[in-house]
$ cat upload.cif   # mmCIF, C-alpha atoms
data_model
#
loop_
_atom_site.label_atom_id
_atom_site.label_comp_id
_atom_site.auth_asym_id
_atom_site.auth_seq_id
_atom_site.Cartn_x
_atom_site.Cartn_y
_atom_site.Cartn_z
CA MET P 28 -66.86 -256.98 -1.98
CA SER P 29 -69.07 -254.00 -1.07
CA THR P 30 -70.63 -251.71 -3.63
CA PHE P 31 -68.48 -248.87 -2.33
CA THR P 32 -65.30 -250.92 -2.74
CA LYS P 33 -66.32 -251.92 -6.26
CA THR P 34 -66.90 -248.27 -7.12
CA LEU P 35 -63.48 -247.28 -5.79
CA LEU P 36 -61.81 -250.14 -7.69
CA ALA P 37 -63.58 -249.21 -10.91
CA ALA P 38 -62.57 -245.59 -10.48
CA ALA P 39 -58.97 -246.61 -9.81
CA LEU P 40 -58.87 -248.87 -12.86
CA GLY P 41 -60.36 -246.14 -14.99
CA PHE P 42 -57.77 -243.66 -13.75
CA SER P 43 -54.98 -246.15 -14.47
CA MET P 44 -56.22 -246.63 -18.03
CA ILE P 45 -56.36 -242.88 -18.61
CA THR P 46 -52.90 -242.43 -17.13
CA ALA P 47 -51.51 -245.22 -19.31
CA ALA P 48 -53.08 -243.69 -22.40
CA GLN P 49 -51.65 -240.28 -21.57
CA ALA P 50 -48.24 -241.84 -20.94
CA LEU P 51 -47.95 -243.29 -24.44
CA PRO P 52 -45.02 -241.80 -26.40
CA SER P 53 -45.95 -239.28 -29.08
CA VAL P 54 -44.83 -240.34 -32.57
CA LYS P 55 -45.34 -238.12 -35.61
CA ILE P 56 -45.55 -239.78 -39.03
CA LEU P 57 -44.39 -237.68 -41.99
CA ALA P 58 -45.58 -239.17 -45.27
CA THR P 59 -43.87 -238.71 -48.62
CA GLY P 60 -45.63 -241.36 -50.73
CA GLY P 61 -43.85 -244.38 -52.17
CA THR P 62 -44.84 -248.02 -52.58
CA ILE P 63 -46.05 -248.25 -48.99
CA ALA P 64 -48.86 -245.91 -50.08
CA GLY P 65 -49.15 -247.42 -53.56
CA THR P 66 -52.19 -248.96 -55.24
CA ALA P 67 -52.49 -251.39 -58.13
CA ALA P 68 -55.32 -252.73 -60.28
CA SER P 69 -55.11 -256.20 -58.74
CA ALA P 70 -53.79 -257.94 -55.64
CA THR P 71 -51.16 -259.76 -57.68
CA GLN P 72 -49.73 -256.67 -59.42
CA MET P 73 -46.33 -255.97 -57.87
CA THR P 74 -44.89 -253.55 -60.44
CA GLY P 75 -46.29 -250.70 -62.49
CA TYR P 76 -48.54 -249.56 -59.64
CA LYS P 77 -49.33 -245.96 -58.65
CA ALA P 78 -46.90 -245.01 -55.89
CA GLY P 79 -47.98 -242.58 -53.19
CA ASP P 80 -51.66 -242.88 -54.03
CA LEU P 81 -52.91 -243.27 -50.45
CA GLY P 82 -52.82 -240.47 -47.90
CA ILE P 83 -51.24 -240.78 -44.48
CA GLN P 84 -54.52 -241.12 -42.59
CA VAL P 85 -55.42 -244.16 -44.70
CA LEU P 86 -52.13 -245.80 -43.69
CA ILE P 87 -52.71 -244.98 -40.03
CA ASN P 88 -56.25 -246.34 -40.12
CA ALA P 89 -55.00 -249.55 -41.74
CA VAL P 90 -52.74 -250.32 -38.77
CA PRO P 91 -54.79 -249.52 -35.65
CA GLN P 92 -52.39 -251.59 -33.53
CA MET P 93 -49.92 -248.68 -33.66
CA LYS P 94 -52.09 -246.84 -31.15
CA ASP P 95 -51.35 -249.52 -28.55
CA PHE P 96 -47.74 -248.35 -28.51
CA ALA P 97 -47.81 -244.64 -29.33
CA ASP P 98 -49.98 -241.59 -29.68
CA VAL P 99 -49.75 -241.38 -33.46
CA SER P 100 -50.58 -238.48 -35.77
CA GLY P 101 -49.61 -237.84 -39.38
CA GLU P 102 -48.64 -235.13 -41.85
CA GLN P 103 -48.51 -235.42 -45.61
CA ILE P 104 -45.30 -233.76 -46.79
CA VAL P 105 -45.54 -234.85 -50.45
CA LYS P 106 -47.11 -237.72 -52.41
CA ILE P 107 -44.41 -238.90 -54.81
CA SER P 108 -42.61 -241.97 -56.03
CA SER P 109 -39.18 -241.65 -54.45
CA ASN P 110 -37.34 -241.84 -57.77
CA ASN P 111 -38.62 -238.25 -58.09
CA MET P 112 -37.12 -237.05 -54.77
CA THR P 113 -35.65 -233.54 -54.85
CA ASP P 114 -33.31 -231.45 -52.74
CA SER P 115 -36.21 -229.16 -51.81
CA VAL P 116 -38.14 -232.07 -50.32
CA LEU P 117 -35.05 -233.23 -48.42
CA LEU P 118 -34.66 -229.76 -46.92
CA LYS P 119 -38.34 -229.58 -46.07
CA LEU P 120 -38.16 -232.94 -44.28
CA ALA P 121 -35.06 -232.00 -42.29
CA GLN P 122 -36.48 -228.65 -41.26
CA ARG P 123 -39.83 -230.18 -40.25
CA CYS P 124 -38.11 -232.95 -38.27
CA ASN P 125 -36.11 -230.39 -36.33
CA GLU P 126 -39.23 -228.33 -35.63
CA LEU P 127 -41.13 -231.34 -34.32
CA LEU P 128 -38.28 -232.83 -32.32
CA ALA P 129 -37.71 -229.51 -30.54
CA ASP P 130 -41.12 -230.05 -28.93
CA PRO P 131 -40.62 -231.91 -25.62
CA LYS P 132 -43.97 -233.63 -26.15
CA VAL P 133 -42.72 -235.40 -29.30
CA ASN P 134 -40.76 -238.59 -28.67
CA GLY P 135 -39.93 -239.69 -32.20
CA ILE P 136 -40.66 -239.44 -35.92
CA VAL P 137 -41.49 -242.01 -38.58
CA ILE P 138 -41.13 -241.11 -42.27
CA THR P 139 -42.92 -243.19 -44.87
CA HIS P 140 -40.89 -243.20 -48.07
CA GLY P 141 -40.41 -244.93 -51.37
CA THR P 142 -37.53 -247.39 -51.43
CA ASP P 143 -35.70 -246.12 -54.53
CA THR P 144 -34.03 -243.18 -52.76
CA LEU P 145 -34.86 -244.05 -49.15
CA GLU P 146 -31.20 -244.56 -48.27
CA GLU P 147 -30.30 -241.08 -49.52
CA THR P 148 -33.04 -239.37 -47.54
CA ALA P 149 -32.12 -241.38 -44.44
CA PHE P 150 -28.45 -240.37 -44.74
CA PHE P 151 -29.32 -236.72 -45.38
CA LEU P 152 -31.45 -236.66 -42.23
CA ASN P 153 -28.72 -238.51 -40.33
CA LEU P 154 -26.49 -235.51 -41.08
CA THR P 155 -29.03 -232.72 -40.54
CA VAL P 156 -31.44 -233.71 -37.74
CA LYS P 157 -30.33 -232.05 -34.50
CA SER P 158 -31.80 -234.40 -31.93
CA LYS P 159 -31.11 -237.65 -30.10
CA LYS P 160 -34.76 -238.62 -30.51
CA PRO P 161 -35.40 -241.50 -32.93
CA VAL P 162 -36.13 -240.82 -36.59
CA VAL P 163 -37.16 -243.95 -38.47
CA LEU P 164 -37.66 -244.30 -42.21
CA VAL P 165 -39.95 -247.02 -43.47
CA GLY P 166 -41.19 -248.21 -46.84
CA ALA P 167 -42.47 -251.29 -48.60
CA MET P 168 -41.56 -253.40 -51.58
CA ARG P 169 -45.16 -254.35 -52.34
CA PRO P 170 -48.01 -251.89 -52.81
CA ALA P 171 -50.70 -251.61 -50.16
CA THR P 172 -53.15 -253.52 -52.38
CA ALA P 173 -50.87 -256.54 -52.85
CA ILE P 174 -51.29 -260.03 -51.47
CA SER P 175 -49.04 -260.22 -48.38
CA ALA P 176 -48.25 -256.50 -48.50
CA ASP P 177 -45.22 -255.78 -46.33
CA GLY P 178 -46.10 -252.16 -45.57
CA PRO P 179 -48.47 -252.57 -42.57
CA LEU P 180 -46.09 -254.61 -40.41
CA ASN P 181 -43.14 -252.43 -41.44
CA LEU P 182 -45.10 -249.36 -40.37
CA LEU P 183 -46.08 -250.90 -37.04
CA ASN P 184 -42.46 -251.85 -36.36
CA ALA P 185 -41.25 -248.37 -37.31
CA VAL P 186 -43.67 -246.70 -34.90
CA LYS P 187 -42.67 -249.07 -32.10
CA LEU P 188 -39.00 -248.33 -32.83
CA ALA P 189 -39.56 -244.55 -32.83
CA ALA P 190 -41.32 -244.88 -29.46
CA ASP P 191 -38.61 -247.08 -27.94
CA PRO P 192 -36.27 -245.40 -25.40
CA GLN P 193 -33.56 -247.85 -26.52
CA ALA P 194 -33.52 -246.11 -29.91
CA VAL P 195 -32.54 -242.72 -28.49
CA GLY P 196 -29.14 -241.57 -29.74
CA LYS P 197 -28.86 -244.24 -32.42
CA GLY P 198 -29.16 -241.77 -35.30
CA VAL P 199 -31.60 -242.10 -38.18
CA MET P 200 -32.69 -245.70 -38.76
CA ILE P 201 -34.48 -247.76 -41.39
CA ALA P 202 -36.97 -250.34 -40.13
CA MET P 203 -38.00 -252.88 -42.76
CA ASN P 204 -38.31 -256.65 -42.98
CA ASP P 205 -37.80 -257.10 -39.22
CA THR P 206 -34.37 -255.45 -39.45
CA ILE P 207 -33.05 -252.20 -37.96
CA ASN P 208 -30.41 -250.64 -40.20
CA GLY P 209 -28.42 -247.45 -39.68
CA ALA P 210 -28.83 -244.67 -42.22
CA ARG P 211 -25.13 -244.38 -43.07
CA ASP P 212 -24.45 -248.01 -43.89
CA THR P 213 -27.67 -249.20 -45.51
CA THR P 214 -28.31 -249.58 -49.21
CA LYS P 215 -30.95 -251.10 -51.44
CA THR P 216 -29.46 -254.35 -52.73
CA ASN P 217 -32.28 -255.99 -54.69
CA THR P 218 -34.74 -254.57 -57.20
CA THR P 219 -37.89 -256.24 -55.87
CA ASN P 220 -37.18 -258.50 -52.87
CA VAL P 221 -38.65 -257.51 -49.48
CA GLY P 222 -35.24 -258.10 -47.88
CA THR P 223 -33.61 -255.51 -50.11
CA PHE P 224 -32.18 -253.17 -47.45
CA ARG P 225 -28.86 -254.36 -46.10
CA SER P 226 -25.67 -252.95 -44.60
CA PRO P 227 -22.99 -254.85 -46.57
CA ASP P 228 -19.99 -253.83 -44.49
CA ALA P 229 -21.30 -252.80 -41.07
CA GLY P 230 -24.23 -255.17 -40.66
CA PRO P 231 -27.59 -254.16 -39.15
CA LEU P 232 -27.88 -252.07 -35.99
CA GLY P 233 -30.39 -254.60 -34.71
CA VAL P 234 -33.29 -256.88 -35.40
CA ILE P 235 -36.98 -257.00 -34.55
CA ALA P 236 -37.82 -260.38 -33.07
CA ALA P 237 -41.01 -261.47 -31.28
CA GLY P 238 -42.16 -257.87 -31.50
CA LYS P 239 -39.13 -256.54 -29.64
CA ASN P 240 -36.30 -254.27 -30.79
CA ILE P 241 -32.96 -255.94 -30.15
CA PHE P 242 -29.92 -253.75 -30.78
CA LEU P 243 -26.62 -255.38 -31.74
CA HIS P 244 -24.25 -252.39 -31.94
CA GLU P 245 -24.00 -248.59 -32.09
CA PRO P 246 -23.33 -246.33 -35.10
CA ALA P 247 -19.61 -245.66 -35.38
CA ARG P 248 -19.57 -242.27 -37.15
CA ARG P 249 -20.81 -238.77 -36.30
CA HIS P 250 -24.53 -238.23 -36.82
CA THR P 251 -27.59 -236.15 -35.89
CA PHE P 252 -26.93 -234.27 -32.61
CA GLU P 253 -23.15 -234.52 -33.20
CA SER P 254 -23.29 -233.33 -36.82
CA GLN P 255 -21.85 -229.99 -37.88
CA PHE P 256 -24.35 -229.39 -40.67
CA ASP P 257 -27.16 -226.86 -40.34
CA VAL P 258 -29.84 -226.59 -43.04
CA SER P 259 -32.32 -224.50 -41.05
CA LYS P 260 -31.88 -221.48 -43.31
CA LEU P 261 -31.14 -223.22 -46.61
CA ASP P 262 -33.57 -223.35 -49.51
CA ALA P 263 -31.21 -225.05 -51.98
CA LEU P 264 -28.13 -227.28 -52.03
CA PRO P 265 -25.00 -227.12 -54.20
CA ARG P 266 -25.12 -229.09 -57.44
CA VAL P 267 -23.19 -232.35 -57.22
CA ASP P 268 -23.33 -234.93 -60.01
CA ILE P 269 -22.46 -238.62 -60.15
CA GLY P 270 -20.53 -240.18 -63.04
CA TYR P 271 -20.00 -243.88 -63.73
CA SER P 272 -16.75 -245.43 -64.88
CA HIS P 273 -16.71 -248.23 -67.47
CA ALA P 274 -14.55 -249.78 -70.14
CA ASN P 275 -13.74 -247.37 -72.97
CA GLY P 276 -14.57 -244.40 -70.72
CA ASP P 277 -14.05 -240.76 -71.69
CA ARG P 278 -14.43 -237.26 -70.29
CA VAL P 279 -17.75 -236.35 -71.92
CA ALA P 280 -19.85 -236.68 -68.77
CA ILE P 281 -17.33 -234.79 -66.64
CA ASP P 282 -17.23 -231.89 -69.09
CA ALA P 283 -21.04 -231.82 -69.21
CA PHE P 284 -21.28 -231.70 -65.41
CA VAL P 285 -18.82 -228.82 -65.22
CA LYS P 286 -20.69 -226.93 -67.96
CA ALA P 287 -23.96 -227.45 -66.06
CA GLY P 288 -22.49 -225.75 -62.99
CA ALA P 289 -21.50 -228.70 -60.81
CA GLN P 290 -19.59 -227.67 -57.69
CA GLY P 291 -18.72 -231.28 -57.03
CA ILE P 292 -18.52 -234.60 -58.86
CA VAL P 293 -18.65 -238.05 -57.33
CA TRP P 294 -17.15 -240.69 -59.59
CA ALA P 295 -18.38 -244.29 -59.30
CA GLY P 296 -15.08 -245.82 -60.29
CA THR P 297 -14.23 -249.41 -61.01
CA GLY P 298 -12.80 -251.54 -58.20
CA ASN P 299 -11.22 -249.36 -55.53
CA GLY P 300 -12.49 -246.17 -57.14
CA SER P 301 -10.28 -246.50 -60.21
CA ILE P 302 -10.73 -243.95 -62.96
CA HIS P 303 -10.13 -244.52 -66.66
CA GLU P 304 -7.15 -242.62 -68.06
CA ASN P 305 -9.44 -240.81 -70.52
CA GLU P 306 -11.75 -239.78 -67.66
CA GLU P 307 -8.75 -238.70 -65.59
CA VAL P 308 -7.86 -235.93 -68.05
CA GLY P 309 -11.34 -234.45 -67.68
CA ALA P 310 -11.24 -234.83 -63.89
CA VAL P 311 -7.96 -232.93 -63.65
CA ASP P 312 -9.36 -230.05 -65.74
CA ALA P 313 -12.50 -229.97 -63.58
CA ILE P 314 -10.43 -229.79 -60.39
CA LYS P 315 -8.40 -226.90 -61.85
CA LYS P 316 -11.72 -225.06 -62.30
CA GLY P 317 -12.54 -225.47 -58.61
CA VAL P 318 -14.79 -228.54 -58.83
CA VAL P 319 -14.37 -230.97 -55.93
CA PHE P 320 -13.84 -234.48 -57.30
CA VAL P 321 -14.50 -237.51 -55.08
CA ARG P 322 -13.64 -241.06 -56.05
CA SER P 323 -16.18 -243.69 -54.98
CA SER P 324 -16.85 -247.19 -56.31
CA ARG P 325 -19.51 -248.89 -58.40
CA VAL P 326 -18.77 -252.24 -56.68
CA GLY P 327 -21.44 -252.15 -53.97
CA SER P 328 -19.38 -252.80 -50.86
CA GLY P 329 -15.94 -252.12 -49.46
CA VAL P 330 -14.00 -248.95 -48.74
CA THR P 331 -12.68 -246.60 -51.41
CA THR P 332 -9.20 -245.74 -50.14
CA LEU P 333 -6.21 -243.74 -51.23
CA SER P 334 -4.99 -245.62 -54.32
CA LEU P 335 -2.60 -244.23 -56.91
CA GLN P 336 -0.63 -241.36 -55.37
CA ARG P 337 -0.96 -239.56 -58.70
CA TRP P 338 -4.72 -239.27 -58.25
CA ALA P 339 -4.26 -237.75 -54.80
CA ASP P 340 -1.61 -235.37 -56.14
CA GLU P 341 -4.08 -234.28 -58.83
CA GLY P 342 -6.56 -233.35 -56.10
CA MET P 343 -8.96 -236.29 -56.11
CA LEU P 344 -10.57 -237.22 -52.79
CA GLN P 345 -11.94 -240.60 -51.71
CA SER P 346 -15.36 -241.47 -50.28
CA GLY P 347 -14.35 -244.17 -47.80
CA ALA P 348 -17.20 -246.62 -47.17
CA LEU P 349 -19.86 -244.36 -48.68
CA ASN P 350 -21.40 -245.49 -51.95
CA PRO P 351 -21.72 -242.91 -54.75
CA GLN P 352 -25.25 -241.79 -53.90
CA LYS P 353 -24.40 -241.21 -50.25
CA ALA P 354 -21.07 -239.60 -51.10
CA ARG P 355 -23.06 -237.13 -53.19
CA ILE P 356 -25.27 -236.23 -50.21
CA LEU P 357 -22.28 -235.68 -47.93
CA LEU P 358 -20.44 -233.64 -50.57
CA GLN P 359 -23.48 -231.40 -51.04
CA LEU P 360 -23.59 -230.66 -47.34
CA ALA P 361 -19.82 -230.25 -47.09
CA LEU P 362 -19.92 -227.66 -49.87
CA THR P 363 -22.37 -225.55 -47.85
CA GLN P 364 -19.49 -225.01 -45.39
CA THR P 365 -16.22 -225.15 -47.33
CA LYS P 366 -14.66 -225.64 -50.74
CA ASP P 367 -11.28 -226.59 -49.32
CA PRO P 368 -10.54 -230.15 -50.54
CA ALA P 369 -8.47 -230.95 -47.44
CA GLU P 370 -11.34 -229.96 -45.14
CA ILE P 371 -13.81 -231.91 -47.26
CA GLN P 372 -11.64 -235.02 -47.04
CA LYS P 373 -11.67 -234.65 -43.24
CA ILE P 374 -15.47 -234.55 -43.39
CA PHE P 375 -15.54 -237.79 -45.38
CA ASP P 376 -13.18 -239.36 -42.85
CA GLU P 377 -15.43 -238.35 -39.91
CA TYR P 378 -18.88 -239.06 -41.34
#
$ encode --input "upload.cif" --output "structure tokens"
Amino acid sequence: MSTFTKTLLAAALGFSMITAAQALPSVKILATGGTIAGTAASATQMTGYKAGDLGIQVLINAVPQMKDFADVSGEQIVKISSNNMTDSVLLKLAQRCNELLADPKVNGIVITHGTDTLEETAFFLNLTVKSKKPVVLVGAMRPATAISADGPLNLLNAVKLAADPQAVGKGVMIAMNDTINGARDTTKTNTTNVGTFRSPDAGPLGVIAAGKNIFLHEPARRHTFESQFDVSKLDALPRVDIGYSHANGDRVAIDAFVKAGAQGIVWAGTGNGSIHENEEVGAVDAIKKGVVFVRSSRVGSGVTTLSLQRWADEGMLQSGALNPQKARILLQLALTQTKDPAEIQKIFDEY
């Protein structure tokens, strides 16, 4: 091979490498803290650590393999343990996602998040992000300093998922423990196990196997680009509280919620959203005062359906397959558009 030919080949290879690098999808990582950014005093400490201690650039530097699949850059939104999540942070995340995804150069977003309220943030974004582009939430059950920390691989998988054209139009997803779950159907099912996120009724959207994203089905309900909710100009959300039914229940919590200014109450009832007769009296009075009352269930899976006709006649709604914490998110957003119980029930039936 002549020197001239070698030079041309080298130039061509160099050009191909540059082109390939430029062609990598652009993925933005928005960091909120959580266990994935947590630090502990020892490698064997799995609880009582400092959540959100590490900044986003530290997480990016710890997983350099991400840059083989995407042009990655990060922003620190907040540094909190997700048990301290607030409506203002939810709004900030949704608004920033919509700003970034409006840029044609951005292909997807990953959000690092604590696991305690990850499902609520994911569902909120599933209802408020106005794009088909992938938004993937990711966390960890072990702090970054732990033996066999699960955060680095979860983060790599989340970035690969956000960069994957197959993920377009799938709504907001959660990528953890080699599983792809949809935001609407996923819940935290175990206090400490790395396989905590599951979709009890719908099953996962897909799995991550041999480094590849394998989708099994599509989300069934309205989400993201199909959603009617717009939070672009909101700086607060209506107050909605959650109550919990139990033996020997009473109306004390309901009355307290109403006094505190609740516009809606989600009730985690027993069984199929059953409500104690002593709680029922308080619920009826709350409804007469204009509070929207939604029956959900404390059970953990299944659909809360129309049960006693009396409860429906009294004005109680039902949450369908949404657990109490997700029913609260949907009710908050519904109340930004209407206070008509019939219209709100239609929203629960569609989302």
$ residues_around --input "upload.cif" --residues "Pro265 (chain P)" --least-positions-apart "3" --cutoff "10 Å" --atoms "all atoms listed in the file" --output "PDB file with C-alpha atoms, in the frame of the given file"
ATOM      1  CA  ASP P 114     -33.310-231.450 -52.740  1.00  0.00           C
ATOM      2  CA  ASP P 268     -23.330-234.930 -60.010  1.00  0.00           C
ATOM      3  CA  GLY P 288     -22.490-225.750 -62.990  1.00  0.00           C
ATOM      4  CA  ALA P 289     -21.500-228.700 -60.810  1.00  0.00           C
ATOM      5  CA  GLN P 290     -19.590-227.670 -57.690  1.00  0.00           C
ATOM      6  CA  GLY P 291     -18.720-231.280 -57.030  1.00  0.00           C
ATOM      7  CA  ILE P 356     -25.270-236.230 -50.210  1.00  0.00           C
ATOM      8  CA  LEU P 358     -20.440-233.640 -50.570  1.00  0.00           C
ATOM      9  CA  GLN P 359     -23.480-231.400 -51.040  1.00  0.00           C
ATOM     10  CA  LEU P 360     -23.590-230.660 -47.340  1.00  0.00           C
ATOM     11  CA  ALA P 361     -19.820-230.250 -47.090  1.00  0.00           C
ATOM     12  CA  LEU P 362     -19.920-227.660 -49.870  1.00  0.00           C
ATOM     13  CA  THR P 363     -22.370-225.550 -47.850  1.00  0.00           C
TER      14      THR P 363
END
$ atom_distance --input "upload.cif" --atom1 "CA of His244 (chain P)" --atom2 "CA of Ala185 (chain P)"
18.3 Å
$ atom_distance --input "upload.cif" --atom1 "CA of Leu182 (chain P)" --atom2 "CA of Met112 (chain P)"
20.6 Å
$ atom_distance --input "upload.cif" --atom1 "CA of Glu341 (chain P)" --atom2 "CA of Val311 (chain P)"
6.3 Å
$ residues_near_point --input "upload.cif" --point "(-15.5, -235.5, -66.8)" --cutoff "9 Å" --atoms "all atoms listed in the file" --output "list of chain:residue names"
P:Gly270, P:Asp277, P:Arg278, P:Val279, P:Ala280, P:Ile281, P:Asp282, P:Ala283, P:Phe284, P:Val285, P:Ile292, P:Asn305, P:Glu306, P:Glu307, P:Val308, P:Gly309, P:Ala310, P:Val311, P:Asp312, P:Ala313
$ resolve_selection --input "upload.cif" --expression "the PyMOL selection byres ((chain P and resi 173-176) around 12)" --output "PyMOL selection string"
chain P and resi 62-74+76+89+166-172+177-182+204+221
$ write_last_selection --input "upload.cif" --atoms "C-alpha atoms" --output "mmCIF file, in the coordinates of the input"
data_model
loop_
_atom_site.group_PDB
_atom_site.id
_atom_site.type_symbol
_atom_site.label_atom_id
_atom_site.label_comp_id
_atom_site.auth_asym_id
_atom_site.auth_seq_id
_atom_site.Cartn_x
_atom_site.Cartn_y
_atom_site.Cartn_z
ATOM 1 C CA THR P 62 -44.840 -248.020 -52.580
ATOM 2 C CA ILE P 63 -46.050 -248.250 -48.990
ATOM 3 C CA ALA P 64 -48.860 -245.910 -50.080
ATOM 4 C CA GLY P 65 -49.150 -247.420 -53.560
ATOM 5 C CA THR P 66 -52.190 -248.960 -55.240
ATOM 6 C CA ALA P 67 -52.490 -251.390 -58.130
ATOM 7 C CA ALA P 68 -55.320 -252.730 -60.280
ATOM 8 C CA SER P 69 -55.110 -256.200 -58.740
ATOM 9 C CA ALA P 70 -53.790 -257.940 -55.640
ATOM 10 C CA THR P 71 -51.160 -259.760 -57.680
ATOM 11 C CA GLN P 72 -49.730 -256.670 -59.420
ATOM 12 C CA MET P 73 -46.330 -255.970 -57.870
ATOM 13 C CA THR P 74 -44.890 -253.550 -60.440
ATOM 14 C CA TYR P 76 -48.540 -249.560 -59.640
ATOM 15 C CA ALA P 89 -55.000 -249.550 -41.740
ATOM 16 C CA GLY P 166 -41.190 -248.210 -46.840
ATOM 17 C CA ALA P 167 -42.470 -251.290 -48.600
ATOM 18 C CA MET P 168 -41.560 -253.400 -51.580
ATOM 19 C CA ARG P 169 -45.160 -254.350 -52.340
ATOM 20 C CA PRO P 170 -48.010 -251.890 -52.810
ATOM 21 C CA ALA P 171 -50.700 -251.610 -50.160
ATOM 22 C CA THR P 172 -53.150 -253.520 -52.380
ATOM 23 C CA ASP P 177 -45.220 -255.780 -46.330
ATOM 24 C CA GLY P 178 -46.100 -252.160 -45.570
ATOM 25 C CA PRO P 179 -48.470 -252.570 -42.570
ATOM 26 C CA LEU P 180 -46.090 -254.610 -40.410
ATOM 27 C CA ASN P 181 -43.140 -252.430 -41.440
ATOM 28 C CA LEU P 182 -45.100 -249.360 -40.370
ATOM 29 C CA ASN P 204 -38.310 -256.650 -42.980
ATOM 30 C CA VAL P 221 -38.650 -257.510 -49.480
#
$ residues_around --input "upload.cif" --residues "Leu57 (chain P)" --least-positions-apart "6" --cutoff "7 Å" --atoms "all atoms listed in the file" --output "JSON list (two decimals) with C-alpha atoms, in the coordinates of the input"
[["chain", "number", "residue", "atom", "x", "y", "z"],
["P", 101, "GLY", "CA", -49.61, -237.84, -39.38],
["P", 102, "GLU", "CA", -48.64, -235.13, -41.85],
["P", 103, "GLN", "CA", -48.51, -235.42, -45.61],
["P", 104, "ILE", "CA", -45.30, -233.76, -46.79],
["P", 137, "VAL", "CA", -41.49, -242.01, -38.58],
["P", 138, "ILE", "CA", -41.13, -241.11, -42.27],
["P", 139, "THR", "CA", -42.92, -243.19, -44.87]]
$ closest_residue --input "upload.cif" --among "P:Leu154, P:Ala210, P:Leu51, P:Leu128" --to "Ser254 (chain P)" --atoms "only C-alpha atoms"
P:Leu154
$ resolve_selection --input "upload.cif" --expression "the PyMOL selection byres ((chain P and resi 60) around 6)" --output "VMD selection string"
chain P and resid 58 to 59 61 64 79 106 to 107 140
$ write_last_selection --input "upload.cif" --atoms "C-alpha atoms" --output "PDB file, in the coordinates of the input"
ATOM      1  CA  ALA P  58     -45.580-239.170 -45.270  1.00  0.00           C
ATOM      2  CA  THR P  59     -43.870-238.710 -48.620  1.00  0.00           C
ATOM      3  CA  GLY P  61     -43.850-244.380 -52.170  1.00  0.00           C
ATOM      4  CA  ALA P  64     -48.860-245.910 -50.080  1.00  0.00           C
ATOM      5  CA  GLY P  79     -47.980-242.580 -53.190  1.00  0.00           C
ATOM      6  CA  LYS P 106     -47.110-237.720 -52.410  1.00  0.00           C
ATOM      7  CA  ILE P 107     -44.410-238.900 -54.810  1.00  0.00           C
ATOM      8  CA  HIS P 140     -40.890-243.200 -48.070  1.00  0.00           C
TER       9      HIS P 140
END
$ closest_residue --input "upload.cif" --among "P:Lys119, P:Arg211, P:Lys187, P:Lys159" --to "Asp98 (chain P)" --atoms "all atoms listed in the file"
P:Lys187
$ resolve_selection --input "upload.cif" --expression "the PyMOL selection byres ((chain P and resi 342) around 9)" --output "list in words"
Val311, Ile314, Lys315, Val319, Phe320, Arg337, Trp338, Ala339, Asp340, Glu341, Met343, Leu344 and Pro368 of chain P
$ closest_residue --input "upload.cif" --among "P:Val156, P:Leu145, P:Ile235, P:Val267" --to "Thr223 (chain P)" --atoms "only C-alpha atoms"
P:Leu145
$ closest_residue --input "upload.cif" --among "P:Arg248, P:Met200, P:Leu264, P:Asp257" --to "Leu232 (chain P)" --atoms "only C-alpha atoms"
P:Met200
$ closest_residue --input "upload.cif" --among "P:Ala229, P:Val326, P:Val105, P:Ile371" --to "Gln345 (chain P)" --atoms "all atoms listed in the file"
P:Ile371
$ closest_residue --input "upload.cif" --among "P:Val162, P:Val258, P:Ile83, P:Ala348" --to "Asn134 (chain P)" --atoms "all atoms listed in the file"
P:Val162
$ residues_around --input "upload.cif" --residues "Val195 (chain P)" --least-positions-apart "2" --cutoff "9 Å" --atoms "all atoms listed in the file" --output "compact mmCIF listing (two decimals) with C-alpha atoms, in the frame of the given file"
# COMPACT_ATOMS: atom_id res chain seq x y z
CA GLY P 135 -39.93 -239.69 -32.20
CA LYS P 159 -31.11 -237.65 -30.10
CA LYS P 160 -34.76 -238.62 -30.51
CA PRO P 161 -35.40 -241.50 -32.93
CA ALA P 189 -39.56 -244.55 -32.83
CA ASP P 191 -38.61 -247.08 -27.94
CA PRO P 192 -36.27 -245.40 -25.40
CA GLN P 193 -33.56 -247.85 -26.52
CA LYS P 197 -28.86 -244.24 -32.42
CA GLY P 198 -29.16 -241.77 -35.30
